[in-house]
file model_7.cif (mmCIF, C-alpha atoms and all ligand atoms)
data_input
loop_
_atom_site.label_atom_id
_atom_site.label_comp_id
_atom_site.auth_asym_id
_atom_site.auth_seq_id
_atom_site.Cartn_x
_atom_site.Cartn_y
_atom_site.Cartn_z
CA MET A 1 0.00 0.00 0.00
CA LEU A 2 1.31 3.45 -0.93
CA ILE A 3 0.24 6.29 1.33
CA CYS A 4 0.95 9.96 0.66
CA VAL A 5 1.07 12.38 3.57
CA PRO A 6 0.86 16.06 2.55
CA GLY A 7 2.37 19.01 4.39
CA ILE A 8 4.94 17.31 6.64
CA LEU A 9 7.11 20.40 6.14
CA SER A 10 5.78 23.91 5.43
CA LYS A 11 7.02 25.75 2.33
CA ASP A 12 9.07 28.01 4.66
CA ASP A 13 10.72 24.96 6.24
CA VAL A 14 11.46 23.54 2.79
CA ALA A 15 13.10 26.82 1.72
CA GLU A 16 15.22 26.85 4.89
CA PHE A 17 16.21 23.19 4.39
CA ARG A 18 17.19 23.88 0.79
CA HIS A 19 19.26 26.91 1.77
CA ILE A 20 21.17 24.90 4.40
CA MET A 21 21.63 21.95 2.02
CA ASP A 22 22.93 24.19 -0.80
CA GLN A 23 25.74 25.32 1.50
CA SER A 24 26.70 21.79 2.54
CA ASP A 25 29.21 19.30 1.12
CA TRP A 26 27.77 16.34 -0.78
CA GLU A 27 29.25 12.90 -1.40
CA ASP A 28 28.68 9.99 -3.78
CA GLY A 29 25.36 8.30 -2.90
CA ARG A 30 26.87 4.84 -3.20
CA SER A 31 28.37 5.11 0.32
CA THR A 32 25.10 3.86 1.88
CA ALA A 33 24.01 1.45 -0.86
CA GLY A 34 24.01 -2.34 -0.61
CA ALA A 35 25.98 -4.41 -3.15
CA GLN A 36 23.20 -4.70 -5.75
CA SER A 37 21.87 -1.17 -5.37
CA ALA A 38 25.40 0.33 -5.55
CA MET A 39 25.55 -0.93 -9.13
CA VAL A 40 22.47 1.07 -10.15
CA LYS A 41 22.67 4.11 -7.84
CA ARG A 42 23.91 7.37 -9.35
CA ASN A 43 23.26 10.39 -7.14
CA GLU A 44 24.75 12.45 -4.36
CA GLN A 45 23.90 12.60 -0.69
CA LEU A 46 24.72 14.56 2.43
CA PRO A 47 27.22 12.53 4.49
CA PRO A 48 24.86 10.53 6.76
CA ASP A 49 26.83 11.25 9.94
CA SER A 50 27.23 14.97 9.26
CA GLU A 51 25.84 17.47 11.73
CA VAL A 52 23.66 19.06 9.06
CA ALA A 53 22.04 15.73 8.08
CA ARG A 54 21.38 14.87 11.74
CA LYS A 55 19.91 18.31 12.56
CA LEU A 56 17.61 18.38 9.54
CA GLY A 57 16.73 14.73 10.14
CA HIS A 58 15.61 15.48 13.70
CA ARG A 59 13.32 18.21 12.41
CA ILE A 60 11.73 15.79 9.95
CA ILE A 61 11.18 13.15 12.64
CA SER A 62 9.57 15.74 14.97
CA ALA A 63 7.27 16.94 12.18
CA MET A 64 6.27 13.39 11.19
CA THR A 65 5.59 12.17 14.68
CA ALA A 66 3.23 15.14 15.21
CA ASN A 67 1.26 14.20 12.07
CA PRO A 68 -1.85 12.03 12.72
CA ARG A 69 -2.01 10.64 9.17
CA PHE A 70 1.64 9.58 9.25
CA LEU A 71 1.22 7.92 12.65
CA ALA A 72 -1.97 6.14 11.53
CA ALA A 73 -0.32 4.80 8.37
CA ALA A 74 3.09 3.84 9.76
CA ILE A 75 2.50 3.02 13.45
CA PRO A 76 6.25 3.55 13.82
CA GLN A 77 8.36 1.72 16.34
CA GLN A 78 11.79 2.99 15.24
CA ILE A 79 12.63 5.58 12.60
CA PHE A 80 16.05 5.52 10.92
CA PRO A 81 17.88 8.88 10.88
CA PRO A 82 16.76 10.57 7.63
CA LEU A 83 19.23 10.74 4.73
CA PHE A 84 19.24 13.38 2.00
CA ASN A 85 19.91 12.93 -1.69
CA ARG A 86 20.22 15.02 -4.82
CA TYR A 87 19.79 14.05 -8.46
CA SER A 88 20.94 16.55 -11.08
CA ALA A 89 20.28 16.53 -14.82
CA GLU A 90 23.83 17.75 -15.46
CA SER A 91 25.30 14.55 -14.03
CA GLY A 92 22.61 12.25 -15.49
CA HIS A 93 21.64 11.08 -12.02
CA HIS A 94 19.15 8.23 -11.53
CA PHE A 95 18.67 5.16 -9.37
CA GLY A 96 17.93 1.91 -11.19
CA ILE A 97 15.51 -0.75 -10.00
CA HIS A 98 16.32 -2.29 -6.60
CA VAL A 99 14.94 -3.46 -3.27
CA ASP A 100 16.14 -1.74 -0.08
CA ASN A 101 18.26 -3.67 2.42
CA ALA A 102 16.16 -5.62 4.94
CA VAL A 103 18.07 -4.37 7.97
CA ARG A 104 19.70 -0.98 8.47
CA GLY A 105 22.22 -0.11 11.15
CA ASP A 106 23.19 3.40 12.17
CA LYS A 107 26.88 3.67 13.11
CA LEU A 108 26.42 6.80 15.19
CA THR A 109 23.61 5.64 17.48
CA GLY A 110 23.93 1.84 17.18
CA LEU A 111 20.26 1.74 16.16
CA ARG A 112 19.34 -1.31 14.08
CA ILE A 113 15.94 -1.63 12.44
CA ARG A 114 14.04 -3.98 10.17
CA THR A 115 13.01 -1.85 7.21
CA ASP A 116 9.24 -2.37 6.94
CA LEU A 117 8.48 0.92 5.22
CA SER A 118 10.51 3.22 2.99
CA VAL A 119 9.85 6.95 3.07
CA THR A 120 10.61 9.63 0.49
CA LEU A 121 10.03 13.24 1.54
CA PHE A 122 10.16 15.54 -1.49
CA LEU A 123 12.15 18.77 -1.07
CA SER A 124 11.92 20.04 -4.69
CA GLU A 125 8.70 21.24 -6.31
CA PRO A 126 7.62 19.13 -9.33
CA GLU A 127 8.11 22.16 -11.63
CA GLU A 128 11.79 22.42 -10.69
CA TYR A 129 12.81 19.28 -12.59
CA ASP A 130 11.86 16.85 -15.33
CA GLY A 131 12.14 13.11 -14.85
CA GLY A 132 13.10 11.97 -11.35
CA GLU A 133 9.84 10.08 -10.83
CA LEU A 134 9.85 7.55 -8.02
CA ILE A 135 8.50 4.36 -9.61
CA ILE A 136 7.20 1.73 -7.19
CA GLU A 137 6.12 -1.73 -8.28
CA ASP A 138 3.57 -3.63 -6.23
CA LEU A 139 0.93 -6.33 -6.75
CA TYR A 140 -1.28 -3.80 -8.52
CA GLY A 141 1.31 -2.63 -11.04
CA SER A 142 3.71 0.25 -11.35
CA HIS A 143 3.09 3.62 -9.65
CA GLU A 144 4.72 6.91 -10.56
CA ILE A 145 5.18 9.33 -7.68
CA LYS A 146 6.21 12.98 -7.83
CA LEU A 147 4.87 15.05 -4.94
CA PRO A 148 4.96 18.74 -3.97
CA ALA A 149 7.86 19.81 -1.74
CA GLY A 150 7.10 19.07 1.91
CA ASP A 151 4.95 15.97 1.16
CA LEU A 152 6.02 12.38 1.70
CA VAL A 153 5.15 8.93 0.43
CA LEU A 154 5.27 5.73 2.49
CA TYR A 155 5.71 2.45 0.61
CA PRO A 156 6.68 -1.12 1.48
CA ALA A 157 10.48 -1.43 1.65
CA SER A 158 10.04 -4.90 0.13
CA SER A 159 8.85 -3.45 -3.19
CA LEU A 160 11.01 -3.00 -6.27
CA HIS A 161 11.49 0.71 -6.94
CA MET A 162 13.62 3.17 -8.88
CA VAL A 163 14.14 6.87 -9.59
CA THR A 164 14.05 7.70 -13.31
CA PRO A 165 16.83 9.90 -14.75
CA VAL A 166 16.49 13.63 -14.04
CA THR A 167 16.61 15.35 -17.42
CA ARG A 168 16.20 19.00 -16.29
CA GLY A 169 16.98 20.73 -13.03
CA VAL A 170 17.69 19.18 -9.64
CA ARG A 171 15.61 16.82 -7.51
CA VAL A 172 16.32 17.00 -3.77
CA ALA A 173 14.69 14.66 -1.27
CA SER A 174 15.03 13.04 2.10
CA PHE A 175 14.72 9.26 2.28
CA PHE A 176 14.79 6.77 5.11
CA TRP A 177 13.14 3.70 6.58
CA LEU A 178 11.15 2.74 9.58
CA GLN A 179 10.23 -0.33 11.53
CA SER A 180 6.53 -0.50 12.27
CA MET A 181 4.95 -1.93 15.41
CA ILE A 182 2.73 -3.87 12.99
CA ARG A 183 5.03 -6.00 10.87
CA ASP A 184 2.36 -7.56 8.64
CA PRO A 185 1.45 -5.17 5.78
CA LEU A 186 -2.13 -6.47 5.52
CA ALA A 187 -2.73 -6.03 9.26
CA ARG A 188 -1.17 -2.55 9.10
CA SER A 189 -3.34 -1.58 6.17
CA MET A 190 -6.53 -2.79 7.94
CA ILE A 191 -5.57 -0.80 11.06
CA PHE A 192 -5.10 2.30 8.88
CA ASP A 193 -8.51 1.77 7.23
CA LEU A 194 -10.17 1.29 10.60
CA ASP A 195 -8.47 4.37 12.01
CA THR A 196 -9.50 6.64 9.13
CA THR A 197 -13.06 5.24 9.25
CA ILE A 198 -13.29 5.97 12.98
CA GLN A 199 -11.99 9.51 12.41
CA GLY A 200 -14.67 10.08 9.73
CA LEU A 201 -17.49 8.55 11.79
CA SER A 202 -16.54 10.45 14.94
CA GLN A 203 -17.05 13.74 13.05
CA ARG A 204 -20.66 12.75 12.35
CA MET A 205 -21.55 10.89 15.54
CA GLY A 206 -19.25 12.31 18.21
CA ARG A 207 -16.66 10.33 20.11
CA ASP A 208 -18.95 9.53 23.05
CA ASP A 209 -21.54 7.61 21.02
CA PRO A 210 -21.60 4.11 22.65
CA GLU A 211 -20.86 2.25 19.39
CA MET A 212 -18.04 4.70 18.63
CA VAL A 213 -16.51 3.89 22.00
CA ARG A 214 -16.70 0.16 21.20
CA LEU A 215 -15.23 0.68 17.75
CA THR A 216 -12.36 2.74 19.20
CA GLY A 217 -11.81 -0.04 21.73
CA LEU A 218 -11.67 -2.56 18.88
CA TYR A 219 -9.00 -0.43 17.16
CA HIS A 220 -6.84 -0.41 20.29
CA ASN A 221 -7.38 -4.10 20.94
CA LEU A 222 -6.29 -5.00 17.41
CA ILE A 223 -3.11 -2.96 17.90
CA ARG A 224 -2.60 -4.71 21.25
CA TYR A 225 -3.03 -8.05 19.47
CA TRP A 226 -0.63 -7.31 16.63
CA ALA A 227 1.91 -4.85 18.00
CA GLU A 228 5.56 -5.74 18.61
CA VAL A 229 7.07 -3.15 20.94
NI NI B 301 15.62 2.37 -2.46
#

call {"tool": "encode", "arguments": {"input": "model_7.cif", "output": "structure tokens", "more": "lines below"}}
Ligand code: NI
result
Amino acid sequence: MLICVPGILSKDDVAEFRHIMDQSDWEDGRSTAGAQSAMVKRNEQLPPDSEVARKLGHRIISAMTANPRFLAAAIPQQIFPPLFNRYSAESGHHFGIHVDNAVRGDKLTGLRIRTDLSVTLFLSEPEEYDGGELIIEDLYGSHEIKLPAGDLVLYPASSLHMVTPVTRGVRVASFFWLQSMIRDPLARSMIFDLDTTIQGLSQRMGRDDPEMVRLTGLYHNLIRYWAEV
């Protein structure tokens, strides 16, 4: 299941991020790629352990964990420190088809997570570049994603995906992974459906309606049943 979450960062935040990133040093993106993905990865990234990447990453995590739609969709247990990449038309950057590594370790904090979900947070507006679509393959076919700056997409880390060559301009994004409390994608997707249904119903019926209380209890009990914490 692909889920888009709009407005994680405001346009002002995006502008500030971009300004800071423009003044930073970038390195070859292959430094964090696995063996297969290193063969198809052509981009640049901020050094993952740099102060600037960590500071901006913290801001993204704070913004995401205050966002009800993100929390409902991901039910995050651990979030990997966000990384930042840049694809420029001048250098013919792209990232060929690959699957992300199953486990990610962070040298700085010792954090190790199972990558259930991949996240891309767009930091360039779609008009700033041509190409650079994130293509995600799942059971239902191939999906092309290009979102406004400040929006993110969540998708299963187990899916094949790629970034098509940027043919004009520069595409800047943050990308990272998270481990969800609900490992099973079907269970996670049903929890998300139930949560959004309850939110919709509670607007019409109020939260103190007796059946709403039972339904909310069911939501929590399903999480209790499935969650690994
Ligand atoms: Ni990837």

call {"tool": "closest_atom_pairs", "arguments": {"input": "model_7.cif", "of": "chain A", "to": "ligand NI 301 (chain B)", "cutoff": "10 Å", "atoms": "all atoms listed in the file", "output": "JSON lines"}}
result
{"residue": "A:Ala33", "atom": "CA", "partner": "B:NI301", "partner_atom": "NI", "distance": 8.6}
{"residue": "A:Gly34", "atom": "CA", "partner": "B:NI301", "partner_atom": "NI", "distance": 9.8}
{"residue": "A:Ser37", "atom": "CA", "partner": "B:NI301", "partner_atom": "NI", "distance": 7.7}
{"residue": "A:Lys41", "atom": "CA", "partner": "B:NI301", "partner_atom": "NI", "distance": 9.0}
{"residue": "A:Phe95", "atom": "CA", "partner": "B:NI301", "partner_atom": "NI", "distance": 8.1}
{"residue": "A:Gly96", "atom": "CA", "partner": "B:NI301", "partner_atom": "NI", "distance": 9.0}
{"residue": "A:Ile97", "atom": "CA", "partner": "B:NI301", "partner_atom": "NI", "distance": 8.2}
{"residue": "A:His98", "atom": "CA", "partner": "B:NI301", "partner_atom": "NI", "distance": 6.3}
{"residue": "A:Val99", "atom": "CA", "partner": "B:NI301", "partner_atom": "NI", "distance": 5.9}
{"residue": "A:Asp100", "atom": "CA", "partner": "B:NI301", "partner_atom": "NI", "distance": 4.8}
{"residue": "A:Asn101", "atom": "CA", "partner": "B:NI301", "partner_atom": "NI", "distance": 8.2}
{"residue": "A:Ser118", "atom": "CA", "partner": "B:NI301", "partner_atom": "NI", "distance": 7.5}
{"residue": "A:Val119", "atom": "CA", "partner": "B:NI301", "partner_atom": "NI", "distance": 9.2}
{"residue": "A:Thr120", "atom": "CA", "partner": "B:NI301", "partner_atom": "NI", "distance": 9.3}
{"residue": "A:Leu134", "atom": "CA", "partner": "B:NI301", "partner_atom": "NI", "distance": 9.5}
{"residue": "A:Ile136", "atom": "CA", "partner": "B:NI301", "partner_atom": "NI", "distance": 9.7}
{"residue": "A:Ala157", "atom": "CA", "partner": "B:NI301", "partner_atom": "NI", "distance": 7.6}
{"residue": "A:Ser158", "atom": "CA", "partner": "B:NI301", "partner_atom": "NI", "distance": 9.5}
{"residue": "A:Ser159", "atom": "CA", "partner": "B:NI301", "partner_atom": "NI", "distance": 9.0}
{"residue": "A:Leu160", "atom": "CA", "partner": "B:NI301", "partner_atom": "NI", "distance": 8.0}
{"residue": "A:His161", "atom": "CA", "partner": "B:NI301", "partner_atom": "NI", "distance": 6.3}
{"residue": "A:Met162", "atom": "CA", "partner": "B:NI301", "partner_atom": "NI", "distance": 6.8}
{"residue": "A:Val163", "atom": "CA", "partner": "B:NI301", "partner_atom": "NI", "distance": 8.6}
{"residue": "A:Phe175", "atom": "CA", "partner": "B:NI301", "partner_atom": "NI", "distance": 8.4}
{"residue": "A:Phe176", "atom": "CA", "partner": "B:NI301", "partner_atom": "NI", "distance": 8.8}
{"residue": "A:Trp177", "atom": "CA", "partner": "B:NI301", "partner_atom": "NI", "distance": 9.5}

call {"tool": "residues_near_point", "arguments": {"input": "model_7.cif", "point": "(9.9, 15.3, -1.4)", "cutoff": "9 Å", "atoms": "all atoms listed in the file", "output": "list in words"}}
result
Thr120, Leu121, Phe122, Leu123, Ser124, Glu125, Lys146, Leu147, Pro148, Ala149, Gly150, Asp151, Leu152, Val153, Arg171, Val172, Ala173, Ser174 and Phe175 of chain A

call {"tool": "atom_distance", "arguments": {"input": "model_7.cif", "atom1": "atom CA of Ile113 of chain A", "atom2": "atom CA of Gln179 of chain A"}}
result
5.9 Å

call {"tool": "residues_around", "arguments": {"input": "model_7.cif", "residues": "Ile75 of chain A", "least_positions_apart": "3", "cutoff": "9 Å", "atoms": "all atoms listed in the file", "output": "list of chain:residue names"}}
result
A:Phe70, A:Leu71, A:Ala72, A:Gln179, A:Ser180, A:Met181, A:Ile182, A:Arg188, A:Phe192

call {"tool": "closest_residue", "arguments": {"input": "model_7.cif", "among": "A:Ser202, A:Val213, A:Gly29, A:Ile223", "to": "Met190 of chain A", "atoms": "all atoms listed in the file"}}
result
A:Ile223

call {"tool": "residues_around", "arguments": {"input": "model_7.cif", "residues": "segment 193-201 of chain A", "least_positions_apart": "2", "cutoff": "8 Å", "atoms": "only C-alpha atoms", "output": "short mmCIF file (atom, residue, chain, number, x, y, z; two decimals) with C-alpha atoms, in the frame of the given file"}}
result
data_model
loop_
_atom_site.label_atom_id
_atom_site.label_comp_id
_atom_site.auth_asym_id
_atom_site.auth_seq_id
_atom_site.Cartn_x
_atom_site.Cartn_y
_atom_site.Cartn_z
CA ALA A 72 -1.97 6.14 11.53
CA SER A 189 -3.34 -1.58 6.17
CA MET A 190 -6.53 -2.79 7.94
CA ILE A 191 -5.57 -0.80 11.06
CA GLN A 203 -17.05 13.74 13.05
CA ARG A 204 -20.66 12.75 12.35
CA MET A 205 -21.55 10.89 15.54
CA GLY A 206 -19.25 12.31 18.21
CA MET A 212 -18.04 4.70 18.63
CA LEU A 215 -15.23 0.68 17.75
CA THR A 216 -12.36 2.74 19.20
CA TYR A 219 -9.00 -0.43 17.16
#

call {"tool": "atom_distance", "arguments": {"input": "model_7.cif", "atom1": "atom CA of Arg183 of chain A", "atom2": "atom CA of Ile79 of chain A"}}
result
14.0 Å

call {"tool": "atom_distance", "arguments": {"input": "model_7.cif", "atom1": "atom CA of Leu2 of chain A", "atom2": "atom CA of Leu154 of chain A"}}
result
5.7 Å

call {"tool": "closest_residue", "arguments": {"input": "model_7.cif", "among": "A:Val170, A:Asp106, A:Arg69, A:Ala74", "to": "Glu90 of chain A", "atoms": "all atoms listed in the file"}}
result
A:Val170

call {"tool": "closest_residue", "arguments": {"input": "model_7.cif", "among": "A:Pro81, A:Gly7, A:Pro126, A:Pro210", "to": "Val52 of chain A", "atoms": "all atoms listed in the file"}}
result
A:Pro81

call {"tool": "closest_residue", "arguments": {"input": "model_7.cif", "among": "A:Tyr129, A:Phe84, A:Tyr140, A:Tyr225", "to": "Thr164 of chain A", "atoms": "all atoms listed in the file"}}
result
A:Tyr129

call {"tool": "closest_residue", "arguments": {"input": "model_7.cif", "among": "A:Ala227, A:Ile20, A:Val14, A:Leu178", "to": "Asp116 of chain A", "atoms": "only C-alpha atoms"}}
result
A:Leu178

call {"tool": "axis_aligned_box", "arguments": {"input": "model_7.cif", "around": "segment 182-185 of chain A", "padding_each_side": "3 Å", "output": "lines of an AutoDock Vina configuration file"}}
result
center_x = 3.2
center_y = -5.7
center_z = 9.4
size_x = 9.6
size_y = 9.7
size_z = 13.2

call {"tool": "closest_residue", "arguments": {"input": "model_7.cif", "among": "A:Ile145, A:Cys4, A:Ala102, A:Ala89", "to": "Ala73 of chain A", "atoms": "all atoms listed in the file"}}
result
A:Cys4
